[in-house]
$ cat query-v1.txt   # compact mmCIF, C-alpha atoms
# COMPACT_ATOMS: atom_id res chain seq x y z
CA MET L 63 -43.12 -15.02 -17.08
CA VAL L 64 -42.45 -11.44 -18.12
CA CYS L 65 -43.80 -10.02 -21.38
CA ALA L 66 -41.44 -7.99 -23.54
CA GLN L 67 -44.37 -5.68 -24.22
CA GLN L 68 -44.10 -4.38 -20.65
CA ALA L 69 -40.56 -3.30 -21.30
CA LEU L 70 -41.61 -1.30 -24.36
CA SER L 71 -44.67 0.40 -22.98
CA ALA L 72 -45.42 1.55 -19.50
CA GLY L 73 -49.06 1.92 -20.56
CA SER L 74 -49.77 -1.68 -21.42
CA LYS L 75 -52.97 -3.06 -19.88
CA GLY L 76 -51.56 -6.39 -18.78
CA VAL L 77 -49.05 -9.05 -19.43
CA GLY L 78 -49.42 -10.19 -23.04
CA THR L 79 -51.83 -7.38 -24.08
CA PRO L 80 -50.90 -5.91 -27.52
CA LEU L 81 -49.96 -2.26 -27.74
CA ASP L 82 -52.06 0.28 -29.65
CA LYS L 83 -50.59 0.75 -33.08
CA ASP L 84 -50.04 4.49 -32.84
CA ALA L 85 -50.09 5.16 -29.13
CA ASP L 86 -46.84 5.83 -27.37
CA ARG L 87 -44.88 5.63 -30.65
CA PRO L 88 -41.26 6.51 -29.80
CA ALA L 89 -40.01 9.67 -31.46
CA GLY L 90 -37.96 9.07 -34.60
CA LEU L 91 -39.19 5.51 -35.18
CA ASP L 92 -40.60 5.07 -38.70
CA GLY L 93 -43.71 3.09 -39.57
CA VAL L 94 -42.00 -0.13 -40.67
CA GLY L 95 -39.68 -0.22 -37.72
CA TYR L 96 -42.54 0.48 -35.40
CA GLN L 97 -44.56 -2.40 -36.87
CA TRP L 98 -41.66 -4.74 -36.28
CA SER L 99 -41.37 -3.56 -32.71
CA LEU L 100 -45.08 -4.22 -32.22
CA ALA L 101 -44.71 -7.72 -33.62
CA LEU L 102 -41.84 -8.50 -31.27
CA ALA L 103 -43.55 -6.90 -28.32
CA SER L 104 -46.71 -8.93 -28.88
CA MET L 105 -44.74 -12.21 -28.56
CA TRP L 106 -44.35 -13.99 -25.24
CA ILE L 107 -40.65 -14.10 -24.40
CA PRO L 108 -40.09 -16.26 -21.31
CA THR L 109 -37.14 -15.15 -19.24
CA VAL L 110 -35.73 -17.21 -16.38
CA ASP L 111 -33.42 -15.76 -13.81
CA ILE L 112 -30.49 -18.20 -14.01
CA SER L 113 -27.82 -15.95 -12.56
CA ASP L 114 -27.98 -17.57 -9.10
CA GLU L 115 -28.01 -21.09 -10.52
CA TRP L 116 -24.99 -20.50 -12.73
CA ALA L 117 -23.17 -18.68 -9.96
CA ALA L 118 -23.68 -21.71 -7.73
CA ARG L 119 -22.46 -24.05 -10.48
CA PHE L 120 -19.40 -21.92 -11.10
CA ALA L 121 -18.66 -21.77 -7.37
CA ARG L 122 -18.82 -25.56 -7.11
CA PHE L 123 -16.62 -25.98 -10.17
CA SER L 124 -14.12 -23.43 -8.85
CA ASP L 125 -13.99 -25.19 -5.47
CA PHE L 126 -13.47 -28.54 -7.21
CA MET L 127 -10.60 -27.22 -9.32
CA GLN L 128 -8.99 -25.52 -6.33
CA ASP L 129 -9.26 -28.68 -4.25
CA THR L 130 -7.82 -30.75 -7.10
CA LEU L 131 -4.87 -28.37 -7.48
CA THR L 132 -4.24 -28.35 -3.72
CA THR L 133 -4.39 -32.14 -3.50
CA SER L 134 -2.07 -32.51 -6.50
CA MET L 135 0.51 -30.09 -5.09
CA VAL L 136 0.48 -31.77 -1.67
CA THR L 137 0.82 -35.21 -3.27
CA LEU L 138 3.73 -34.00 -5.38
CA TRP L 139 5.41 -32.58 -2.26
CA THR L 140 4.94 -35.71 -0.14
CA THR L 141 6.15 -38.04 -2.89
CA SER L 142 8.93 -35.77 -4.19
CA PRO L 143 11.81 -38.14 -3.28
CA LEU L 144 10.25 -40.88 -5.41
CA TRP L 145 9.59 -38.60 -8.38
CA ALA L 146 13.09 -37.13 -8.17
CA LEU L 147 14.57 -40.62 -8.39
CA VAL L 148 12.24 -41.59 -11.26
CA LEU L 149 13.18 -38.43 -13.16
CA TYR L 150 16.90 -39.10 -12.75
CA VAL L 151 16.59 -42.71 -13.95
CA TYR L 152 14.48 -41.63 -16.92
CA LEU L 153 16.95 -38.96 -18.01
CA ILE L 154 19.99 -41.19 -17.68
CA VAL L 155 18.33 -44.04 -19.61
CA TYR L 156 16.55 -42.15 -22.40
CA VAL L 157 18.47 -38.87 -22.81
CA LYS L 158 21.89 -39.95 -24.02
CA ALA L 159 23.17 -36.40 -24.39
CA MET L 160 22.83 -35.87 -20.63
CA ARG L 161 24.37 -39.11 -19.36
CA THR L 162 27.84 -37.76 -18.75
CA ALA L 163 26.56 -34.72 -16.92
CA LEU L 164 24.15 -36.82 -14.85
CA LEU L 165 26.87 -39.27 -13.85
CA LEU L 166 29.13 -36.39 -12.81
CA TYR L 167 26.20 -34.95 -10.86
CA LEU L 168 25.76 -38.26 -9.06
CA VAL L 169 29.42 -38.23 -8.05
CA TYR L 170 28.95 -34.66 -6.85
CA CYS L 171 26.00 -35.79 -4.69
CA PHE L 172 28.27 -38.12 -2.74
CA CYS L 173 31.20 -35.68 -2.55
CA ASP L 174 29.34 -32.46 -1.75
CA PRO L 175 30.34 -31.36 1.80
CA ARG L 176 27.49 -28.88 2.25
CA PRO L 177 25.08 -31.25 4.06
CA TYR L 178 27.73 -31.80 6.74
CA ASP L 179 29.36 -28.39 7.21
CA GLY L 180 26.77 -26.94 9.60
CA VAL L 181 25.69 -24.23 7.14
CA GLY L 182 24.42 -26.01 4.04
CA ARG L 183 22.85 -24.22 1.11
CA ARG L 184 19.75 -22.59 2.53
CA PHE L 185 17.50 -20.26 0.51
CA ALA L 186 15.21 -18.08 2.61
CA CYS L 187 13.04 -17.28 -0.43
CA ILE L 188 11.66 -20.83 -0.37
CA HIS L 189 8.86 -19.68 1.91
CA LYS L 190 7.46 -17.55 -0.92
CA LEU L 191 6.62 -20.55 -3.08
CA PRO L 192 2.87 -21.08 -3.75
CA LEU L 193 3.35 -24.68 -2.61
CA TRP L 194 3.07 -23.74 1.07
CA LYS L 195 -0.32 -22.09 0.52
CA HIS L 196 -1.62 -25.42 -0.73
CA VAL L 197 0.02 -27.32 2.12
CA ASN L 198 -1.49 -24.83 4.56
CA ALA L 199 -4.95 -25.26 3.02
CA TYR L 200 -4.69 -29.07 3.01
CA PHE L 201 -3.33 -29.75 6.51
CA GLN L 202 -4.23 -26.47 8.22
CA PRO L 203 -1.08 -26.67 10.39
CA LYS L 204 -1.17 -24.95 13.74
CA MET L 205 1.59 -24.15 16.23
CA LEU L 206 1.13 -23.51 19.93
CA PHE L 207 3.87 -22.29 22.25
CA GLU L 208 3.87 -22.89 25.98
CA ALA L 209 6.42 -20.12 26.41
CA PRO L 210 7.99 -17.46 24.16
CA LEU L 211 11.35 -18.18 22.55
CA ASN L 212 14.31 -15.83 22.45
CA PRO L 213 15.57 -15.31 18.86
CA LYS L 214 19.07 -14.69 20.22
CA GLN L 215 19.08 -17.97 22.12
CA LYS L 216 20.06 -21.35 20.70
CA TYR L 217 17.77 -24.33 21.26
CA VAL L 218 17.69 -28.05 20.63
CA PHE L 219 14.14 -28.98 19.64
CA GLY L 220 13.07 -32.60 19.86
CA SER L 221 10.18 -33.49 17.54
CA HIS L 222 7.78 -36.37 18.33
CA PRO L 223 6.50 -38.64 16.90
CA HIS L 224 8.46 -39.51 13.78
CA GLY L 225 5.44 -40.56 11.74
CA VAL L 226 5.85 -42.36 8.44
CA ILE L 227 7.96 -39.62 6.80
CA SER L 228 8.07 -36.76 9.36
CA TYR L 229 6.14 -34.20 7.35
CA VAL L 230 5.33 -32.00 10.33
CA SER L 231 9.01 -31.67 11.20
CA GLN L 232 9.66 -30.49 7.65
CA LEU L 233 7.01 -27.80 8.06
CA ILE L 234 8.04 -26.44 11.46
CA ALA L 235 11.77 -26.31 10.65
CA GLY L 236 13.44 -24.48 7.82
CA THR L 237 12.09 -21.94 5.37
CA THR L 238 8.48 -23.02 4.78
CA GLY L 239 7.01 -19.92 6.41
CA LEU L 240 4.68 -22.14 8.48
CA GLY L 241 6.99 -23.07 11.34
CA ILE L 242 8.93 -21.76 14.30
CA GLU L 243 10.86 -19.12 12.38
CA SER L 244 7.65 -17.43 11.22
CA HIS L 245 6.56 -16.97 14.85
CA PHE L 246 9.92 -15.72 16.13
CA PRO L 247 11.75 -13.76 13.41
CA GLY L 248 15.48 -13.96 13.81
CA LEU L 249 15.44 -17.53 15.07
CA VAL L 250 17.10 -19.95 12.63
CA VAL L 251 16.05 -23.59 13.00
CA ARG L 252 17.99 -26.26 11.11
CA GLY L 253 16.29 -29.60 10.69
CA VAL L 254 18.43 -32.71 10.31
CA THR L 255 17.77 -35.95 8.50
CA MET L 256 19.56 -39.17 7.63
CA PRO L 257 22.62 -38.82 5.35
CA ALA L 258 21.01 -41.10 2.74
CA THR L 259 18.62 -38.25 1.90
CA PHE L 260 21.48 -36.34 0.30
CA ALA L 261 22.22 -39.24 -2.03
CA ILE L 262 18.87 -38.86 -3.84
CA PRO L 263 19.49 -36.83 -7.00
CA PHE L 264 17.57 -33.55 -7.31
CA PHE L 265 15.70 -34.07 -4.04
CA ARG L 266 18.90 -33.50 -2.08
CA ASP L 267 19.14 -29.98 -3.49
CA TRP L 268 15.55 -29.28 -2.48
CA ALA L 269 16.29 -30.49 1.07
CA LEU L 270 19.39 -28.28 1.25
CA ALA L 271 17.47 -25.27 -0.03
CA MET L 272 14.96 -25.74 2.78
CA GLY L 273 17.79 -25.64 5.29
CA CYS L 274 18.04 -29.34 6.05
CA LEU L 275 21.37 -30.91 7.06
CA SER L 276 22.73 -34.34 7.96
CA CYS L 277 21.95 -35.81 11.38
CA ASP L 278 25.38 -37.33 12.05
CA ARG L 279 27.19 -36.18 15.19
CA SER L 280 29.83 -34.05 13.47
CA SER L 281 27.18 -32.18 11.48
CA ILE L 282 25.11 -31.49 14.61
CA ARG L 283 28.14 -30.13 16.43
CA ARG L 284 28.93 -27.83 13.54
CA ILE L 285 25.35 -26.54 13.53
CA LEU L 286 25.56 -25.66 17.22
CA SER L 287 29.16 -24.52 17.07
CA ASP L 288 30.11 -21.09 18.39
CA ARG L 289 31.57 -20.23 15.01
CA HIS L 290 28.00 -19.84 13.79
CA HIS L 291 26.98 -17.60 16.69
CA ARG L 292 25.92 -14.85 14.30
CA LEU L 293 23.29 -17.14 12.83
CA HIS L 294 21.90 -18.17 16.24
CA GLN L 295 21.32 -21.58 14.73
CA SER L 296 19.03 -23.92 16.61
CA LEU L 297 18.62 -27.61 15.94
CA LEU L 298 15.48 -29.65 15.34
CA VAL L 299 15.90 -33.42 15.50
CA VAL L 300 13.28 -36.14 15.13
CA VAL L 301 14.42 -38.14 18.12
CA GLY L 302 12.70 -41.47 17.41
CA GLY L 303 14.35 -41.99 14.03
CA ALA L 304 13.64 -44.82 11.60
CA GLU L 305 12.86 -47.25 14.41
CA GLU L 306 9.99 -45.06 15.59
CA SER L 307 8.58 -44.74 12.07
CA MET L 308 7.70 -48.44 12.24
CA LEU L 309 5.37 -47.62 15.15
CA ALA L 310 3.47 -44.83 13.35
CA HIS L 311 0.06 -46.48 13.40
CA GLN L 312 -2.99 -44.26 13.31
CA GLY L 313 -4.14 -43.26 16.77
CA SER L 314 -1.00 -44.48 18.50
CA ALA L 315 1.51 -42.49 20.56
CA ASP L 316 4.35 -44.99 20.84
CA LEU L 317 7.75 -43.30 21.11
CA ILE L 318 11.39 -44.34 21.05
CA LEU L 319 12.89 -41.92 23.57
CA LEU L 320 14.19 -43.55 26.75
CA LYS L 321 17.33 -44.84 25.06
CA ARG L 322 17.84 -41.69 22.94
CA ARG L 323 20.19 -39.44 24.90
CA GLY L 324 22.63 -38.23 22.27
CA PHE L 325 20.65 -35.07 21.53
CA VAL L 326 20.69 -34.23 25.25
CA ARG L 327 24.46 -34.63 25.35
CA GLU L 328 24.91 -32.30 22.39
CA ALA L 329 22.60 -29.72 23.97
CA ILE L 330 24.68 -29.73 27.16
CA ARG L 331 27.95 -29.45 25.23
CA ALA L 332 26.62 -26.44 23.28
CA GLY L 333 24.74 -24.86 26.19
CA CYS L 334 21.39 -24.96 24.33
CA ASP L 335 18.06 -25.17 26.09
CA LEU L 336 16.05 -28.32 25.40
CA VAL L 337 12.54 -27.91 23.98
CA PRO L 338 10.17 -30.88 23.39
CA ILE L 339 7.59 -30.69 20.59
CA TYR L 340 4.66 -33.02 20.12
CA ASN L 341 2.98 -33.12 16.71
CA PHE L 342 -0.61 -34.25 17.03
CA ASN L 343 -2.04 -36.29 14.12
CA GLU L 344 1.36 -36.90 12.54
CA ASN L 345 0.58 -40.63 12.62
CA SER L 346 -2.74 -40.06 10.83
CA ILE L 347 -1.24 -38.80 7.57
CA TYR L 348 -0.71 -42.35 6.28
CA GLN L 349 -1.74 -45.84 7.39
CA LEU L 350 0.89 -48.49 7.93
CA VAL L 351 0.40 -52.05 6.81
CA ASP L 352 0.15 -54.41 9.77
CA ASN L 353 3.76 -54.91 10.90
CA ARG L 354 3.44 -56.53 14.28
CA PRO L 355 6.68 -58.05 15.64
CA GLY L 356 7.24 -61.44 14.10
CA SER L 357 5.21 -60.73 10.96
CA LEU L 358 6.73 -60.99 7.51
CA VAL L 359 6.41 -57.24 7.00
CA HIS L 360 8.18 -56.52 10.29
CA ARG L 361 11.05 -58.89 9.46
CA PHE L 362 11.45 -57.19 6.06
CA GLU L 363 11.54 -53.71 7.63
CA MET L 364 14.09 -54.75 10.24
CA ALA L 365 16.30 -56.39 7.60
CA VAL L 366 16.36 -53.21 5.51
CA LYS L 367 17.08 -51.11 8.59
CA SER L 368 20.00 -53.31 9.65
CA LEU L 369 21.53 -53.00 6.17
CA PHE L 370 21.02 -49.32 5.39
CA GLY L 371 20.28 -47.59 8.69
CA PHE L 372 16.77 -46.71 7.50
CA THR L 373 13.83 -48.82 6.51
CA ILE L 374 11.29 -49.10 3.72
CA LEU L 375 7.80 -48.88 5.16
CA LEU L 376 4.73 -50.42 3.59
CA PHE L 377 1.89 -47.94 3.87
CA HIS L 378 -0.97 -46.42 1.92
CA GLY L 379 -2.77 -43.11 1.61
CA ARG L 380 -6.01 -41.92 0.06
CA ASN L 381 -5.25 -43.39 -3.36
CA VAL L 382 -2.62 -45.16 -5.47
CA PHE L 383 -0.65 -41.90 -5.75
CA PHE L 384 0.05 -41.96 -1.97
CA THR L 385 -1.96 -38.82 -1.37
CA PRO L 386 -1.88 -38.26 2.41
CA TYR L 387 -5.06 -38.29 4.44
CA ARG L 388 -6.48 -34.87 5.15
CA THR L 389 -6.11 -34.05 8.83
CA GLN L 390 -5.19 -30.99 10.85
CA LEU L 391 -1.61 -31.02 12.08
CA VAL L 392 -1.07 -29.36 15.44
CA SER L 393 2.40 -28.86 16.90
CA VAL L 394 2.71 -27.93 20.55
CA VAL L 395 6.08 -26.52 21.63
CA GLY L 396 6.78 -27.15 25.30
CA ARG L 397 8.56 -24.92 27.76
CA PRO L 398 12.32 -24.57 27.27
CA ILE L 399 14.40 -26.53 29.78
CA PRO L 400 17.39 -24.39 30.84
CA VAL L 401 20.69 -26.18 30.30
CA GLN L 402 24.00 -25.36 31.91
CA ARG L 403 26.88 -25.73 29.48
CA ASN L 404 29.40 -28.48 30.08
CA TYR L 405 31.85 -29.66 27.43
CA ASN L 406 32.20 -33.04 29.15
CA PRO L 407 28.80 -33.93 30.62
CA THR L 408 28.57 -36.93 32.92
CA GLU L 409 25.99 -39.69 32.52
CA ASP L 410 24.18 -38.51 35.63
CA GLU L 411 23.96 -35.01 34.22
CA ILE L 412 22.64 -36.30 30.91
CA LYS L 413 20.07 -38.45 32.71
CA GLN L 414 18.93 -35.49 34.80
CA TYR L 415 18.19 -33.32 31.76
CA HIS L 416 16.72 -36.27 29.88
CA ASP L 417 14.26 -36.95 32.70
CA LEU L 418 13.19 -33.29 32.72
CA TYR L 419 12.70 -33.46 28.95
CA VAL L 420 10.53 -36.59 29.18
CA GLU L 421 8.48 -35.05 31.97
CA GLU L 422 7.78 -31.90 29.94
CA LEU L 423 6.86 -33.91 26.84
CA VAL L 424 4.38 -36.04 28.79
CA ARG L 425 2.86 -32.91 30.34
CA VAL L 426 2.34 -31.34 26.92
CA TYR L 427 0.74 -34.51 25.54
CA LYS L 428 -1.67 -34.94 28.44
CA LYS L 429 -2.66 -31.28 28.38
CA TYR L 430 -3.50 -31.02 24.67
CA LYS L 431 -4.55 -34.57 23.80
CA PRO L 432 -8.23 -34.10 24.86
CA LYS L 433 -8.58 -31.19 22.44
CA TYR L 434 -6.52 -32.18 19.40
CA ALA L 435 -6.43 -36.00 19.55
CA PRO L 436 -9.21 -37.19 21.86
CA ASP L 437 -9.32 -40.67 20.31
CA ALA L 438 -5.56 -41.25 20.43
CA ALA L 439 -3.97 -43.69 22.82
CA ASP L 440 -1.99 -42.62 25.86
CA ILE L 441 1.66 -41.84 25.32
CA ARG L 442 3.86 -44.92 25.65
CA PHE L 443 7.64 -45.22 25.64
CA VAL L 444 8.57 -48.41 23.83
CA ALA L 445 12.31 -47.97 24.29

$ encode --input "query-v1.txt" --output "structure tokens"
Amino acid sequence: MVCAQQALSAGSKGVGTPLDKDADRPAGLDGVGYQWSLALASMWIPTVDISDEWAARFARFSDFMQDTLTTSMVTLWTTSPLWALVLYVYLIVYVKAMRTALLLYLVYCFCDPRPYDGVGRRFACIHKLPLWKHVNAYFQPKMLFEAPLNPKQKYVFGSHPHGVISYVSQLIAGTTGLGIESHFPGLVVRGVTMPATFAIPFFRDWALAMGCLSCDRSSIRRILSDRHHRLHQSLLVVVGGAEESMLAHQGSADLILLKRRGFVREAIRAGCDLVPIYNFNENSIYQLVDNRPGSLVHRFEMAVKSLFGFTILLFHGRNVFFTPYRTQLVSVVGRPIPVQRNYNPTEDEIKQYHDLYVEELVRVYKKYKPKYAPDAADIRFVA
């Protein structure tokens, strides 16, 4: 408790002691005003120092709002294909004035050659979007390199595991500012995905802007073609594909790799060094519903895959909005495997490079697993 009297008179005898009526009268203060000042000074005015308390409250509120914004932005990013489709359906159903334009746009989505021409429609300024700051704060992605990369060299990066939706591969390839290109300026890495991605209205344009292209063979060969030598384009492919996404259970390291040799063949044809990448905690972003072989869920997923070439996974996140679980994503880039160019590689040659690739991937996993995924299972090649 601090008495206001002390603030008015340095000569007060104690806290709460009235001032003498005429002593220490300030110059220029008339009698009436002075009497009022005495009356106020003689009152007890309790003052509590609440600055620290309110600062703490404001800090907690600010942290809450920042966390909410970050979580919302990450959720919007991870579920963007769904929202893009919902937006298109809503506009075409309820906005009659836009129906003709939207139908023409849908035709354009299927006729646009840019996802397959090896160049696409990439915008480097994408990395400046505030979105990536929120993604960085949420997942705290980290990249480790076993060896430096040459920006003037072309590479074929293989990304493992696929995960439910391959979010890590989206971050380390393209124009996010969080991936390989940010560590080695001048290196251009083009991620590839299934052609069906470019049939989703609105989302397809976002994927193209990030530098993503189709994963069909002709598109891959155009990416690595010598006619794009000025771009020094490298390729990043998620080797396991849709089949591996069905194995993306938390804590597992089951890969589809032994039968995947097409990417090795294309690397030999283009003379690109092979580089394995393992993304720790990719399988922890979401949790798959139990889909053991023979279960109803597994039969459904396989039926969809046989019809469309991709599958619809049943999974869940932190809430009903499919917010991903918060976990650090660590990508370890292995040592480049030198490849001698051969336009017509033999099966023995492909097997030789494939074995070296598998060996390097296993080495990377065993080396970094104790630090970044100590509770994960040992790496296992299902097929």

$ closest_atom_pairs --input "query-v1.txt" --of "segment 242-346 of chain L" --to "segment 428-437 of chain L" --cutoff "10 Å" --atoms "only C-alpha atoms" --output "JSON lines"
{"residue": "L:Gly313", "atom": "CA", "partner": "L:Asp437", "partner_atom": "CA", "distance": 6.8}
{"residue": "L:Ser314", "atom": "CA", "partner": "L:Asp437", "partner_atom": "CA", "distance": 9.3}
{"residue": "L:Tyr340", "atom": "CA", "partner": "L:Tyr430", "partner_atom": "CA", "distance": 9.6}
{"residue": "L:Asn341", "atom": "CA", "partner": "L:Tyr434", "partner_atom": "CA", "distance": 9.9}
{"residue": "L:Phe342", "atom": "CA", "partner": "L:Ala435", "partner_atom": "CA", "distance": 6.6}
{"residue": "L:Asn343", "atom": "CA", "partner": "L:Ala435", "partner_atom": "CA", "distance": 7.0}

$ atom_distance --input "query-v1.txt" --atom1 "atom CA of His189 of chain L" --atom2 "atom CA of Gly241 of chain L"
10.2 Å

$ closest_residue --input "query-v1.txt" --among "L:Leu309, L:Ala118, L:Ile374, L:Val254" --to "Asn353 of chain L" --atoms "only C-alpha atoms"
L:Leu309

$ atom_distance --input "query-v1.txt" --atom1 "atom CA of Tyr217 of chain L" --atom2 "atom CA of Ala186 of chain L"
19.8 Å

$ closest_residue --input "query-v1.txt" --among "L:Asp335, L:Asp267, L:Asp125, L:Asp316" --to "Val218 of chain L" --atoms "all atoms listed in the file"
L:Asp335

$ closest_residue --input "query-v1.txt" --among "L:Tyr387, L:Arg331, L:Phe246, L:Asn345" --to "Pro210 of chain L" --atoms "all atoms listed in the file"
L:Phe246

$ atom_distance --input "query-v1.txt" --atom1 "atom CA of Phe325 of chain L" --atom2 "atom CA of Ser142 of chain L"
28.3 Å

$ residues_around --input "query-v1.txt" --residues "Arg176 of chain L" --least-positions-apart "3" --cutoff "10 Å" --atoms "only C-alpha atoms" --output "ChimeraX atom specification"
/L:171,173,179-184,260,270,275-276,281

$ residues_around --input "query-v1.txt" --residues "Pro247 of chain L" --least-positions-apart "2" --cutoff "12 Å" --atoms "all atoms listed in the file" --output "PyMOL selection string"
chain L and resi 210-214+237+239+241-245+249-251+294

$ residues_around --input "query-v1.txt" --residues "Asp417 of chain L" --least-positions-apart "2" --cutoff "12 Å" --atoms "only C-alpha atoms" --output "NGL selection string"
:L and (319-323 or 326 or 336 or 338 or 399 or 410-415 or 419-424)

$ decode --input "query-v1.txt" --residues "segment 129-162 of chain L" --atoms "C-alpha atoms" --output "CSV table (one decimal), in the first residue's frame"
chain,number,residue,atom,x,y,z
L,129,ASP,CA,-0.6,-21.0,-32.5
L,130,THR,CA,-4.2,-21.0,-33.7
L,131,LEU,CA,-3.2,-19.1,-36.9
L,132,THR,CA,-0.3,-21.5,-37.5
L,133,THR,CA,-2.5,-24.5,-37.0
L,134,SER,CA,-5.2,-23.1,-39.3
L,135,MET,CA,-2.7,-22.3,-42.1
L,136,VAL,CA,-1.1,-25.7,-41.9
L,137,THR,CA,-4.5,-27.4,-41.9
L,138,LEU,CA,-5.6,-25.4,-44.9
L,139,TRP,CA,-2.4,-26.3,-46.7
L,140,THR,CA,-2.7,-30.1,-46.0
L,141,THR,CA,-6.3,-30.2,-47.0
L,142,SER,CA,-6.1,-27.9,-49.9
L,143,PRO,CA,-7.1,-30.5,-52.6
L,144,LEU,CA,-10.3,-31.1,-50.8
L,145,TRP,CA,-11.2,-27.5,-50.3
L,146,ALA,CA,-10.3,-26.7,-53.9
L,147,LEU,CA,-12.8,-29.4,-55.1
L,148,VAL,CA,-15.4,-28.2,-52.7
L,149,LEU,CA,-15.0,-24.6,-53.9
L,150,TYR,CA,-15.3,-25.6,-57.5
L,151,VAL,CA,-18.5,-27.7,-56.9
L,152,TYR,CA,-20.0,-24.8,-54.9
L,153,LEU,CA,-19.3,-22.2,-57.6
L,154,ILE,CA,-20.7,-24.4,-60.4
L,155,VAL,CA,-23.8,-25.3,-58.5
L,156,TYR,CA,-24.7,-21.9,-56.9
L,157,VAL,CA,-23.1,-19.3,-59.1
L,158,LYS,CA,-24.9,-19.6,-62.4
L,159,ALA,CA,-23.1,-16.7,-64.0
L,160,MET,CA,-19.8,-18.6,-63.7
L,161,ARG,CA,-20.9,-22.0,-64.9
L,162,THR,CA,-19.8,-21.6,-68.5
